[in-house]
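Engineer: Next up, target.tsv (TSV, C-alpha atoms).
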chain	number	residue	atom	x	y	z
A	1	MET	CA	158.19	136.65	123.39
A	2	THR	CA	161.63	135.03	123.30
A	3	PRO	CA	162.06	131.58	121.69
A	4	SER	CA	161.04	128.48	123.62
A	5	ILE	CA	163.67	126.33	125.26
A	6	ASN	CA	163.91	122.68	124.24
A	7	ALA	CA	162.54	120.92	127.32
A	8	ASP	CA	163.42	117.44	126.04
A	9	ARG	CA	167.01	118.39	125.26
A	10	LEU	CA	167.47	119.98	128.69
A	11	TRP	CA	166.01	116.92	130.42
A	12	GLN	CA	168.22	114.53	128.44
A	13	SER	CA	171.28	116.62	129.29
A	14	ILE	CA	170.45	116.31	132.99
A	15	LEU	CA	170.06	112.54	132.67
A	16	GLU	CA	173.29	112.22	130.69
A	17	LEU	CA	175.27	114.20	133.25
A	18	ALA	CA	173.80	111.98	135.98
A	19	ARG	CA	175.63	109.03	134.41
A	20	ILE	CA	178.82	110.59	135.78
A	21	GLY	CA	179.33	109.64	139.43
A	22	PRO	CA	176.18	107.52	139.81
A	23	THR	CA	175.35	106.04	143.20
A	24	SER	CA	173.70	102.67	143.80
A	25	GLU	CA	170.55	104.46	144.99
A	26	GLY	CA	170.17	106.41	141.74
A	27	GLY	CA	171.75	109.66	142.87
A	28	SER	CA	175.03	111.43	142.09
A	29	CYS	CA	178.39	111.71	143.81
A	30	ARG	CA	180.72	114.21	142.18
A	31	LEU	CA	182.83	115.71	144.91
A	32	ALA	CA	184.66	118.91	144.02
A	33	LEU	CA	187.79	118.41	141.89
A	34	SER	CA	187.37	114.64	141.90
A	35	VAL	CA	187.69	112.41	138.83
A	36	GLU	CA	183.89	112.57	138.49
A	37	ASP	CA	183.82	116.37	138.75
A	38	LYS	CA	186.53	116.57	136.09
A	39	GLU	CA	184.50	114.32	133.77
A	40	ALA	CA	181.35	116.41	134.29
A	41	ARG	CA	183.26	119.58	133.48
A	42	ALA	CA	184.66	118.00	130.31
A	43	LEU	CA	181.16	117.01	129.20
A	44	LEU	CA	179.95	120.58	129.71
A	45	LEU	CA	182.80	121.82	127.51
A	46	ASP	CA	181.94	119.24	124.83
A	47	TRP	CA	178.36	120.51	124.78
A	48	CYS	CA	179.53	124.11	124.52
A	49	ARG	CA	181.95	123.68	121.59
A	50	PRO	CA	179.29	123.70	118.81
A	51	LEU	CA	177.98	126.98	120.25
A	52	ASN	CA	181.29	128.80	119.68
A	53	LEU	CA	181.51	129.90	123.30
A	54	HIS	CA	184.77	131.35	124.57
A	55	PHE	CA	186.12	129.35	127.53
A	56	GLU	CA	188.24	130.72	130.35
A	57	GLN	CA	189.14	129.26	133.74
A	58	ASP	CA	190.63	130.84	136.82
A	59	ALA	CA	193.16	129.53	139.31
A	60	ILE	CA	190.49	128.17	141.70
A	61	GLY	CA	188.88	126.23	138.83
A	62	ASN	CA	185.82	128.39	138.14
A	63	MET	CA	184.64	127.94	134.53
A	64	PHE	CA	183.46	130.88	132.39
A	65	LEU	CA	181.80	130.29	128.99
A	66	SER	CA	181.07	133.47	127.04
A	67	ARG	CA	178.80	134.23	124.09
A	68	LYS	CA	179.46	137.36	122.06
A	69	GLY	CA	176.93	140.15	121.85
A	70	ARG	CA	176.45	142.92	119.29
A	71	MET	CA	178.08	145.30	121.77
A	72	ASP	CA	180.92	143.05	122.74
A	73	THR	CA	182.60	145.60	125.01
A	74	ALA	CA	179.43	145.87	127.10
A	75	ALA	CA	179.21	144.20	130.51
A	76	ALA	CA	177.96	140.63	130.29
A	77	VAL	CA	174.78	139.16	131.74
A	78	ALA	CA	175.98	136.18	133.78
A	79	PHE	CA	174.18	133.08	135.06
A	80	GLY	CA	174.96	129.54	136.20
A	81	SER	CA	175.47	127.41	139.31
A	82	HIS	CA	177.61	124.35	140.12
A	83	LEU	CA	178.18	120.73	139.02
A	84	ASP	CA	179.75	119.32	142.20
A	85	THR	CA	177.54	117.36	144.60
A	86	VAL	CA	177.46	116.08	148.16
A	87	PRO	CA	178.33	112.37	148.65
A	88	THR	CA	174.63	111.41	148.77
A	89	GLY	CA	173.55	113.90	146.13
A	90	GLY	CA	170.71	113.86	143.66
A	91	ARG	CA	170.66	114.71	139.96
A	92	PHE	CA	169.34	118.27	140.17
A	93	ASP	CA	171.01	120.37	142.88
A	94	GLY	CA	173.31	122.82	141.08
A	95	THR	CA	173.13	120.85	137.84
A	96	VAL	CA	169.79	122.41	136.88
A	97	GLY	CA	171.26	125.91	137.08
A	98	VAL	CA	174.28	125.09	134.90
A	99	LEU	CA	172.40	123.06	132.30
A	100	ALA	CA	169.49	125.51	132.13
A	101	GLY	CA	172.15	128.14	131.42
A	102	LEU	CA	173.54	125.89	128.70
A	103	GLU	CA	170.02	125.55	127.28
A	104	VAL	CA	169.76	129.37	127.19
A	105	MET	CA	172.90	129.43	125.02
A	106	ARG	CA	171.67	126.55	122.84
A	107	THR	CA	168.25	128.11	122.26
A	108	LEU	CA	169.70	131.46	121.22
A	109	HIS	CA	172.18	129.66	118.95
A	110	ASP	CA	169.42	127.62	117.30
A	111	ALA	CA	167.30	130.73	116.76
A	112	ASN	CA	170.30	132.68	115.41
A	113	ILE	CA	169.69	135.43	117.95
A	114	THR	CA	172.55	137.69	119.00
A	115	THR	CA	171.86	139.66	122.16
A	116	GLY	CA	173.05	143.21	122.58
A	117	ALA	CA	175.31	142.47	125.56
A	118	PRO	CA	177.49	139.36	125.88
A	119	LEU	CA	176.31	136.40	127.96
A	120	GLU	CA	178.39	134.31	130.35
A	121	LEU	CA	177.64	130.85	131.75
A	122	VAL	CA	179.49	129.93	134.97
A	123	ASN	CA	180.26	126.67	136.76
A	124	TRP	CA	181.57	127.48	140.25
A	125	THR	CA	184.13	125.29	142.04
A	126	ASN	CA	183.30	123.48	145.29
A	127	GLU	CA	179.93	125.05	145.99
A	128	GLU	CA	178.90	122.21	148.28
A	129	GLY	CA	181.92	122.25	150.58
A	130	SER	CA	181.65	118.49	151.09
A	131	ARG	CA	185.25	117.69	150.19
A	132	PHE	CA	186.88	121.02	151.06
A	133	ARG	CA	185.53	123.55	153.53
A	134	PRO	CA	184.11	126.13	153.34
A	135	ALA	CA	181.24	125.85	150.90
A	136	MET	CA	180.96	128.26	147.94
A	137	MET	CA	184.76	128.26	147.78
A	138	GLY	CA	185.09	129.21	144.12
A	139	SER	CA	182.69	132.13	144.38
A	140	ARG	CA	184.25	133.21	147.69
A	141	VAL	CA	187.68	133.50	146.08
A	142	HIS	CA	186.17	135.20	143.01
A	143	ALA	CA	184.51	137.78	145.27
A	144	ALA	CA	187.65	138.27	147.44
A	145	ASN	CA	185.73	136.89	150.42
A	146	MET	CA	188.62	134.43	150.77
A	147	SER	CA	192.16	134.66	149.44
A	148	LEU	CA	193.33	132.29	146.74
A	149	GLU	CA	196.32	131.33	148.87
A	150	ALA	CA	194.13	130.39	151.83
A	151	ALA	CA	191.84	128.32	149.62
A	152	LEU	CA	194.69	126.45	147.92
A	153	ALA	CA	196.12	125.42	151.29
A	154	ILE	CA	192.90	123.78	152.55
A	155	THR	CA	192.97	119.98	152.71
A	156	ASP	CA	190.30	117.31	152.56
A	157	ASP	CA	189.90	114.46	155.06
A	158	GLU	CA	192.58	112.47	153.22
A	159	GLY	CA	195.11	115.28	153.42
A	160	THR	CA	194.89	116.32	149.75
A	161	SER	CA	195.09	120.10	149.32
A	162	VAL	CA	192.88	122.15	147.03
A	163	GLU	CA	196.04	123.10	145.14
A	164	ALA	CA	196.96	119.45	144.57
A	165	ALA	CA	193.40	118.54	143.59
A	166	LEU	CA	193.29	121.37	141.06
A	167	HIS	CA	196.59	120.23	139.60
A	168	ASP	CA	195.65	116.54	139.53
A	169	SER	CA	192.30	117.23	137.85
A	170	GLY	CA	193.73	119.76	135.41
A	171	GLN	CA	191.32	122.45	136.62
A	172	ALA	CA	193.75	125.19	137.63
A	173	GLY	CA	193.20	127.93	135.06
A	174	ALA	CA	195.40	130.83	134.07
A	175	LEU	CA	193.13	133.65	135.20
A	176	VAL	CA	193.66	135.41	138.52
A	177	PRO	CA	190.30	135.09	140.34
A	178	SER	CA	188.58	138.47	140.31
A	179	PRO	CA	185.22	140.08	139.47
A	180	ARG	CA	184.46	140.13	135.74
A	181	GLY	CA	182.41	143.30	135.60
A	182	TRP	CA	179.03	141.67	134.93
A	183	THR	CA	175.96	143.83	134.62
A	184	CYS	CA	174.02	141.32	136.73
A	185	TRP	CA	173.93	137.73	137.93
A	186	LEU	CA	171.06	135.18	137.81
A	187	GLU	CA	170.88	131.67	139.28
A	188	LEU	CA	168.19	129.06	138.75
A	189	HIS	CA	168.08	126.39	141.47
A	190	ILE	CA	165.82	123.71	142.84
A	191	GLU	CA	164.12	124.88	146.02
A	192	GLN	CA	165.49	122.08	148.24
A	193	GLY	CA	162.42	122.41	150.41
A	194	PRO	CA	158.63	121.84	150.41
A	195	VAL	CA	157.26	125.39	150.22
A	196	LEU	CA	156.63	125.73	146.47
A	197	GLU	CA	155.05	122.30	146.17
A	198	ALA	CA	152.80	122.92	149.18
A	199	SER	CA	151.71	126.34	147.89
A	200	GLY	CA	151.22	125.22	144.30
A	201	ALA	CA	153.41	128.03	142.97
A	202	ASP	CA	155.41	127.42	139.79
A	203	ILE	CA	158.37	129.71	140.46
A	204	GLY	CA	160.00	130.93	143.67
A	205	ILE	CA	161.37	134.47	143.61
A	206	VAL	CA	164.21	134.49	146.13
A	207	THR	CA	164.27	137.86	147.86
A	208	GLY	CA	167.08	137.06	150.29
A	209	THR	CA	168.84	134.47	152.43
A	210	MET	CA	169.12	133.35	156.01
A	211	HIS	CA	172.17	134.24	158.07
A	212	ALA	CA	174.29	131.15	158.73
A	213	ARG	CA	177.29	130.68	161.01
A	214	TYR	CA	179.56	127.62	160.71
A	215	PHE	CA	181.78	126.11	163.41
A	216	GLN	CA	184.38	123.38	163.59
A	217	LEU	CA	184.71	122.06	167.14
A	218	MET	CA	187.59	120.07	168.61
A	219	VAL	CA	186.83	118.27	171.86
A	220	THR	CA	189.98	117.14	173.69
A	221	GLY	CA	189.83	114.74	176.61
A	222	GLU	CA	192.23	112.10	177.87
A	223	PRO	CA	192.99	108.65	176.40
A	224	SER	CA	192.35	105.71	178.72
A	225	HIS	CA	191.34	102.02	178.79
A	226	VAL	CA	187.61	101.30	178.69
A	227	GLY	CA	187.95	98.52	181.29
A	228	PRO	CA	190.02	99.78	184.22
A	229	THR	CA	189.02	103.45	183.90
A	230	THR	CA	186.06	104.07	186.19
A	231	MET	CA	183.30	106.30	184.87
A	232	ASP	CA	184.07	109.16	187.25
A	233	ARG	CA	187.69	109.32	186.01
A	234	ARG	CA	186.89	109.47	182.31
A	235	ARG	CA	187.40	112.53	180.15
A	236	ASP	CA	185.56	111.12	177.15
A	237	SER	CA	185.61	113.42	174.11
A	238	LEU	CA	183.10	111.29	172.19
A	239	ALA	CA	180.55	111.30	174.99
A	240	ALA	CA	180.92	115.08	175.22
A	241	ALA	CA	180.41	115.33	171.46
A	242	ALA	CA	177.23	113.28	171.73
A	243	GLU	CA	175.90	115.75	174.28
A	244	ILE	CA	176.90	118.66	172.02
A	245	ILE	CA	175.03	117.16	169.05
A	246	LEU	CA	171.82	116.84	171.05
A	247	ALA	CA	172.25	120.38	172.38
A	248	VAL	CA	172.55	121.68	168.81
A	249	GLU	CA	169.30	119.93	167.99
A	250	ARG	CA	167.56	121.51	171.00
A	251	ILE	CA	168.75	124.96	169.95
A	252	ALA	CA	167.33	124.37	166.48
A	253	LEU	CA	163.97	123.16	167.74
A	254	ALA	CA	163.64	126.24	169.95
A	255	ALA	CA	164.47	128.51	166.98
A	256	GLU	CA	161.82	127.22	164.60
A	257	PRO	CA	160.15	128.20	162.34
A	258	GLY	CA	162.72	130.80	161.28
A	259	GLY	CA	165.82	129.03	162.54
A	260	ARG	CA	167.82	125.88	161.89
A	261	ALA	CA	170.88	124.24	163.46
A	262	SER	CA	172.71	121.05	162.58
A	263	ALA	CA	175.67	118.87	163.53
A	264	THR	CA	176.61	116.97	160.38
A	265	TRP	CA	180.21	115.70	160.47
A	266	ILE	CA	182.30	113.93	163.08
A	267	GLU	CA	185.84	112.52	163.32
A	268	ASN	CA	186.96	110.53	166.34
A	269	TYR	CA	190.40	109.51	167.68
A	270	PRO	CA	191.70	106.96	168.28
A	271	ASN	CA	188.38	105.36	167.27
A	272	ALA	CA	189.51	102.09	168.84
A	273	ARG	CA	187.18	99.67	170.60
A	274	GLY	CA	189.33	99.47	173.71
A	275	ASN	CA	189.96	103.19	174.12
A	276	VAL	CA	188.03	106.00	175.70
A	277	ALA	CA	188.11	108.61	172.94
A	278	ASN	CA	190.25	111.65	173.64
A	279	ILE	CA	189.96	113.76	170.45
A	280	THR	CA	186.66	114.30	168.65
A	281	ARG	CA	186.15	116.85	165.91
A	282	LEU	CA	182.72	117.84	164.69
A	283	HIS	CA	181.02	120.42	162.51
A	284	CYS	CA	177.89	122.36	163.36
A	285	ASP	CA	176.06	125.43	162.18
A	286	VAL	CA	173.27	127.76	163.25
A	287	ARG	CA	171.11	129.83	160.91
A	288	HIS	CA	168.07	132.06	161.06
A	289	GLU	CA	166.06	134.37	158.82
A	290	GLN	CA	166.87	137.19	161.25
A	291	ALA	CA	170.60	137.83	161.67
A	292	GLU	CA	170.27	138.85	165.32
A	293	ASN	CA	168.55	135.56	166.09
A	294	ALA	CA	171.39	133.60	164.46
A	295	VAL	CA	173.84	135.51	166.67
A	296	ALA	CA	171.69	134.67	169.71
A	297	MET	CA	171.73	130.99	168.72
A	298	GLU	CA	175.53	131.11	168.53
A	299	HIS	CA	175.65	132.74	171.98
A	300	GLU	CA	173.48	129.94	173.37
A	301	LEU	CA	175.67	127.31	171.69
A	302	ARG	CA	178.84	128.78	173.20
A	303	GLY	CA	177.26	128.75	176.64
A	304	VAL	CA	176.30	125.09	176.25
A	305	LEU	CA	179.81	124.19	175.08
A	306	ASN	CA	181.36	125.91	178.08
A	307	ALA	CA	179.06	124.07	180.48
A	308	ILE	CA	179.71	120.67	178.87
A	309	GLY	CA	183.45	121.24	178.90
A	310	LEU	CA	183.52	122.16	182.57
A	311	ARG	CA	181.27	119.32	183.67
A	312	ARG	CA	183.04	116.62	181.66
A	313	GLY	CA	186.61	117.87	182.10
A	314	VAL	CA	187.25	118.29	178.39
A	315	ASN	CA	188.50	121.23	176.37
A	316	ILE	CA	186.29	122.42	173.51
A	317	ALA	CA	188.02	124.62	170.94
A	318	ILE	CA	185.72	126.57	168.60
A	319	ASP	CA	186.72	127.56	165.07
A	320	PRO	CA	184.06	129.86	163.53
A	321	TYR	CA	185.43	129.22	160.06
A	322	ALA	CA	182.71	130.66	157.79
A	323	SER	CA	179.41	132.45	157.54
A	324	PHE	CA	177.04	133.71	154.88
A	325	GLY	CA	174.17	136.18	154.65
A	326	PRO	CA	171.90	137.69	155.37
A	327	VAL	CA	171.67	138.92	151.79
A	328	ALA	CA	168.88	140.88	150.15
A	329	PHE	CA	168.78	140.24	146.40
A	330	ASP	CA	168.16	142.97	143.86
A	331	THR	CA	164.51	144.07	143.88
A	332	ARG	CA	164.46	145.20	140.24
A	333	LEU	CA	165.72	141.81	139.06
A	334	ALA	CA	163.12	140.12	141.26
A	335	ASP	CA	160.42	142.28	139.67
A	336	LEU	CA	161.69	141.30	136.22
A	337	LEU	CA	161.51	137.60	137.06
A	338	ARG	CA	157.95	138.03	138.39
A	339	ASP	CA	156.95	139.85	135.20
A	340	LYS	CA	158.46	137.18	132.97
A	341	ALA	CA	156.68	134.45	134.93
A	342	SER	CA	153.39	136.32	134.69
A	343	MET	CA	153.80	136.68	130.92
A	344	ARG	CA	154.13	132.89	130.74
A	345	GLN	CA	151.04	132.55	132.97
A	346	LEU	CA	153.10	131.01	135.77
A	347	THR	CA	152.43	131.67	139.45
A	348	THR	CA	155.17	132.95	141.76
A	349	ARG	CA	155.91	133.09	145.46
A	350	ASP	CA	158.50	135.23	147.25
A	351	MET	CA	160.92	133.15	149.32
A	352	ILE	CA	163.94	133.28	151.60
A	353	ALA	CA	166.77	130.85	150.77
A	354	ALA	CA	167.65	128.70	153.76
A	355	ALA	CA	170.72	127.16	152.09
A	356	GLY	CA	173.93	128.79	150.93
A	357	HIS	CA	174.36	129.52	147.22
A	358	ASP	CA	177.02	131.15	145.06
A	359	SER	CA	174.57	134.01	144.49
A	360	VAL	CA	175.20	135.06	148.10
A	361	LEU	CA	178.74	136.02	147.09
A	362	MET	CA	177.70	137.52	143.75
A	363	ALA	CA	175.28	139.90	145.47
A	364	SER	CA	178.26	141.79	146.87
A	365	LEU	CA	179.61	142.38	143.35
A	366	THR	CA	176.67	143.01	141.06
A	367	PRO	CA	172.84	143.11	141.09
A	368	SER	CA	171.85	139.48	141.67
A	369	ALA	CA	168.74	137.35	141.79
A	370	MET	CA	167.70	133.73	142.22
A	371	LEU	CA	164.66	131.79	141.10
A	372	PHE	CA	163.56	128.45	142.50
A	373	ILE	CA	161.62	125.60	140.98
A	374	PRO	CA	159.76	123.05	143.14
A	375	SER	CA	161.47	120.04	144.69
A	376	VAL	CA	159.12	117.06	144.81
A	377	GLY	CA	158.52	116.20	148.45
A	378	GLY	CA	161.00	118.88	149.49
A	379	ILE	CA	163.77	116.25	149.33
A	380	THR	CA	167.36	117.25	148.57
A	381	HIS	CA	170.95	116.11	149.19
A	382	ASN	CA	169.39	112.70	148.71
A	383	PRO	CA	169.26	110.29	145.74
A	384	ARG	CA	165.45	110.75	145.73
A	385	GLU	CA	165.83	114.47	145.00
A	386	TYR	CA	163.55	115.23	142.05
A	387	SER	CA	162.05	118.00	139.96
A	388	THR	CA	159.92	117.16	136.93
A	389	LYS	CA	160.87	117.88	133.35
A	390	GLU	CA	158.04	120.41	133.17
A	391	GLN	CA	159.11	122.22	136.35
A	392	ILE	CA	162.69	122.49	135.13
A	393	ALA	CA	161.55	123.68	131.71
A	394	ARG	CA	159.43	126.44	133.27
A	395	GLY	CA	162.38	127.70	135.29
A	396	ALA	CA	164.73	127.56	132.29
A	397	GLN	CA	162.22	129.48	130.18
A	398	ILE	CA	161.95	132.29	132.74
A	399	LEU	CA	165.75	132.39	132.93
A	400	LEU	CA	165.95	132.72	129.13
A	401	ASP	CA	163.24	135.37	129.00
A	402	ALA	CA	164.99	137.42	131.69
A	403	VAL	CA	168.44	137.05	130.10
A	404	VAL	CA	167.19	138.22	126.72
A	405	GLU	CA	165.52	141.24	128.31
A	406	LEU	CA	168.59	142.15	130.36
A	407	ALA	CA	170.97	141.75	127.41
A	408	ARG	CA	168.75	143.54	124.91
Please, can you express the file's structure as structure tokens?

Structural biologist:
Amino acid sequence: MTPSINADRLWQSILELARIGPTSEGGSCRLALSVEDKEARALLLDWCRPLNLHFEQDAIGNMFLSRKGRMDTAAAVAFGSHLDTVPTGGRFDGTVGVLAGLEVMRTLHDANITTGAPLELVNWTNEEGSRFRPAMMGSRVHAANMSLEAALAITDDEGTSVEAALHDSGQAGALVPSPRGWTCWLELHIEQGPVLEASGADIGIVTGTMHARYFQLMVTGEPSHVGPTTMDRRRDSLAAAAEIILAVERIALAAEPGGRASATWIENYPNARGNVANITRLHCDVRHEQAENAVAMEHELRGVLNAIGLRRGVNIAIDPYASFGPVAFDTRLADLLRDKASMRQLTTRDMIAAAGHDSVLMASLTPSAMLFIPSVGGITHNPREYSTKEQIARGAQILLDAVVELAR
């Protein structure tokens, strides 16, 4: 058996990181490339210095922390996740994967164990996509799913570009983003759902992901005065958007249990009390475990948008700006994770990931796998997001056991 991780140290690291970007409700807000994200990254580097890890950073801000192996020219075993959060984030989403990876490095250092192959811990840039769209931006650029130039030009809602944010936060590294020749990739993550808790399983073995399709919509009507303009003459972009949002919900309800759809962001102009709105932008997505069903949901959405536009006299422009999945993760790595869990007398359950993760992009480059730990109450992207110290420790231990085996 490999050495045991230090559950208390891992838990305290999670709590200490949560002091950066705290919210009044007890959660975390560390938007990508913000002051808070920069501080979290600096703390991670401080923790890594006593371990003699080699640090490199690429031009999109991805962080790579390497530990030498006996065969230092061999391909590395890589693992990690992300430190950025959504505005109403909790303390565990993404953070658990990075800090469990740190605990892997710490445990091996404490035990004076040198693996055969090198190890690499990764913190990906802008996984959440809350400040800059699309999500998983750092891993997309790394995997050539998106060009560096296109990513750098993207702006947030305040007009700040990714390039400027990287410069201002000091996170633009010297490396050209590109695959690093890893032998495999592993990611530990909280489930972000209720399945593991309801089933009583200790570890989720993620066999694949849903197929998700993301859209930015711009509804254009006509500006007018709310008093003199009779209802039949109005071309109200906000009212049309309201109808779109409810239609998205209906599409989702009809697609359950395998499907989901959401409208989650809106921007309205002129957003003045005396004006009928004439420009409304909103985001929505559709996703399903079966790719063909996600495509059918998109087809239904486009039909609804066309009907609403014609009936209300507004133009609805559709920007299908991103997608992910479906991805099938490596079966041999999944088997290894099951075996390691069984050796620790932990129960497992095979699962499909409903959310996007950086592992989706890594699967195109190298054999990849994910393991989930339970989320209490299935709550996530919420200050009440929670996984227990014991649950996190179990996941980190399986990660360590698998890493040692793969790097032997």

Engineer: Between segment 176-267 of chain A and segment 147-169 of chain A, at 10 Å or less, what are the per-residue closest atom pairs and their distances in Å? Count all atoms listed in the file, order by chain and rising residue number, and return it as a Markdown table.

Structural biologist:
| residue | atom | partner | partner_atom | distance |
| --- | --- | --- | --- | --- |
| A:Val176 | CA | A:Leu148 | CA | 8.8 |
| A:Pro177 | CA | A:Leu148 | CA | 7.6 |
| A:Glu267 | CA | A:Asp157 | CA | 9.4 |

Engineer: Could you list, with a cut-off of 9 Å and counting only C-alpha atoms, the residues of segment 58-117 of chain A near segment 178-202 of chain A, each shown with its nearest atom pair and the distance in Å rounded to one decimal, rows sorted by chain and ascending number, as a tab-separated table?

Structural biologist:
residue	atom	partner	partner_atom	distance
A:Asp58	CA	A:Ser178	CA	8.6
A:Ala74	CA	A:Thr183	CA	8.5
A:Ala75	CA	A:Trp182	CA	5.1
A:Ala76	CA	A:Trp182	CA	4.9
A:Val77	CA	A:Cys184	CA	5.5
A:Ala78	CA	A:Trp185	CA	4.9
A:Phe79	CA	A:Leu186	CA	4.7
A:Gly80	CA	A:Glu187	CA	5.5
A:Ser81	CA	A:Glu187	CA	6.3
A:Phe92	CA	A:Ile190	CA	7.0
A:Asp93	CA	A:Ile190	CA	6.2
A:Gly94	CA	A:His189	CA	6.3
A:Thr95	CA	A:His189	CA	8.3
A:Val96	CA	A:His189	CA	6.3
A:Gly97	CA	A:Leu188	CA	4.7
A:Val98	CA	A:Leu188	CA	8.2
A:Ala100	CA	A:Leu188	CA	7.6
A:Gly101	CA	A:Leu188	CA	8.4

Engineer: If we count all atoms listed in the file and set the cut-off at 12 Å, which residues sit around Gly259 of chain A, ignoring sequence neighbours fewer than 4 positions away in its own chain? Please answer as a ChimeraX atom specification.

Structural biologist: /A:209-213,248-255,285-298,352-355

Engineer: Go ahead and compute the interatomic distance for atom CA of Val86 of chain A and atom CA of Arg30 of chain A, in Å to one decimal.

Structural biologist: 7.1 Å

Engineer: Report the distance between atom CA of Ile318 of chain A and atom CA of Thr380 of chain A in Å, rounded to one decimal place.

Structural biologist: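 Between these atoms lies a distance of 28.7 Å.
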
Engineer: For Ser359 of chain A, please output as a ChimeraX atom specification all residues within 7 Å (counting only C-alpha atoms; exclusion window: fewer than 3 positions along the same chain).

Structural biologist: /A:187,362-363,368

Engineer: Counting only C-alpha atoms, which of A:Asn275, A:Ser387, A:Gln397, A:Ser364 gets nearest to Leu337 of chain A?

Structural biologist: A:Gln397

Engineer: A:Val226, A:Ser237, A:Ala402, A:Thr115: which is nearest Arg273 of chain A, counting all atoms listed in the file?

Structural biologist: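 Looking at the shortest contact to Arg273 of chain A, the residue is A:Val226.
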
Engineer: Of the candidates A:Val206, A:Ala242, A:Ala307, A:Leu108, which one gets nearest to Asp335 of chain A if we count only C-alpha atoms?

Structural biologist: A:Val206

Engineer: I'd like the neighbourhood of Pro50 of chain A as a list in words, where a residue qualifies if any of its atoms comes within 10 Å (using all atoms listed in the file), though same-chain residues fewer than 3 positions away should be ignored.

Structural biologist: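 These residues fall inside the cut-off: Leu45, Asp46, Trp47, Leu53, Arg106 and His109 of chain A.
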
Engineer: Determine the nearest neighbour of Leu406 of chain A from the options A:Leu238, A:Leu371, A:Ala117, A:Val141, counting all atoms listed in the file.

Structural biologist: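 Of the candidates, the smallest distance to Leu406 of chain A is held by A:Ala117.
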
Engineer: To one decimal place in Å, what is the distance between atom CA of Leu99 of chain A and atom CA of Gly377 of chain A?

Structural biologist: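 A separation of 22.4 Å between them.
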
Engineer: Keeping C-alpha atoms (and nothing else), can you write segment 356-383 of chain A of this structure as a PDB file, in the first residue's frame?

Structural biologist:
ATOM      1  CA  GLY A 356     -18.020  20.545 -17.929  1.00  0.00           C
ATOM      2  CA  HIS A 357     -14.519  19.844 -16.596  1.00  0.00           C
ATOM      3  CA  ASP A 358     -10.983  20.366 -17.860  1.00  0.00           C
ATOM      4  CA  SER A 359     -10.714  16.588 -18.183  1.00  0.00           C
ATOM      5  CA  VAL A 360     -13.057  16.829 -21.178  1.00  0.00           C
ATOM      6  CA  LEU A 361     -10.277  18.610 -23.072  1.00  0.00           C
ATOM      7  CA  MET A 362      -7.513  16.379 -21.710  1.00  0.00           C
ATOM      8  CA  ALA A 363      -9.279  13.258 -22.987  1.00  0.00           C
ATOM      9  CA  SER A 364      -8.441  14.330 -26.529  1.00  0.00           C
ATOM     10  CA  LEU A 365      -4.722  14.426 -25.685  1.00  0.00           C
ATOM     11  CA  THR A 366      -3.985  11.547 -23.336  1.00  0.00           C
ATOM     12  CA  PRO A 367      -5.746   8.713 -21.464  1.00  0.00           C
ATOM     13  CA  SER A 368      -7.865  10.527 -18.868  1.00  0.00           C
ATOM     14  CA  ALA A 369     -10.092   9.728 -15.935  1.00  0.00           C
ATOM     15  CA  MET A 370     -12.104  11.482 -13.244  1.00  0.00           C
ATOM     16  CA  LEU A 371     -13.209  10.436  -9.788  1.00  0.00           C
ATOM     17  CA  PHE A 372     -15.963  12.090  -7.780  1.00  0.00           C
ATOM     18  CA  ILE A 373     -16.528  12.401  -4.061  1.00  0.00           C
ATOM     19  CA  PRO A 374     -20.001  13.075  -2.607  1.00  0.00           C
ATOM     20  CA  SER A 375     -21.470  16.563  -2.334  1.00  0.00           C
ATOM     21  CA  VAL A 376     -23.616  16.892   0.776  1.00  0.00           C
ATOM     22  CA  GLY A 377     -27.180  17.542  -0.346  1.00  0.00           C
ATOM     23  CA  GLY A 378     -26.025  17.678  -3.957  1.00  0.00           C
ATOM     24  CA  ILE A 379     -25.465  21.438  -3.547  1.00  0.00           C
ATOM     25  CA  THR A 380     -22.852  23.254  -5.631  1.00  0.00           C
ATOM     26  CA  HIS A 381     -22.080  26.709  -7.050  1.00  0.00           C
ATOM     27  CA  ASN A 382     -23.508  27.816  -3.734  1.00  0.00           C
ATOM     28  CA  PRO A 383     -21.902  28.932  -0.442  1.00  0.00           C
TER      29      PRO A 383
END
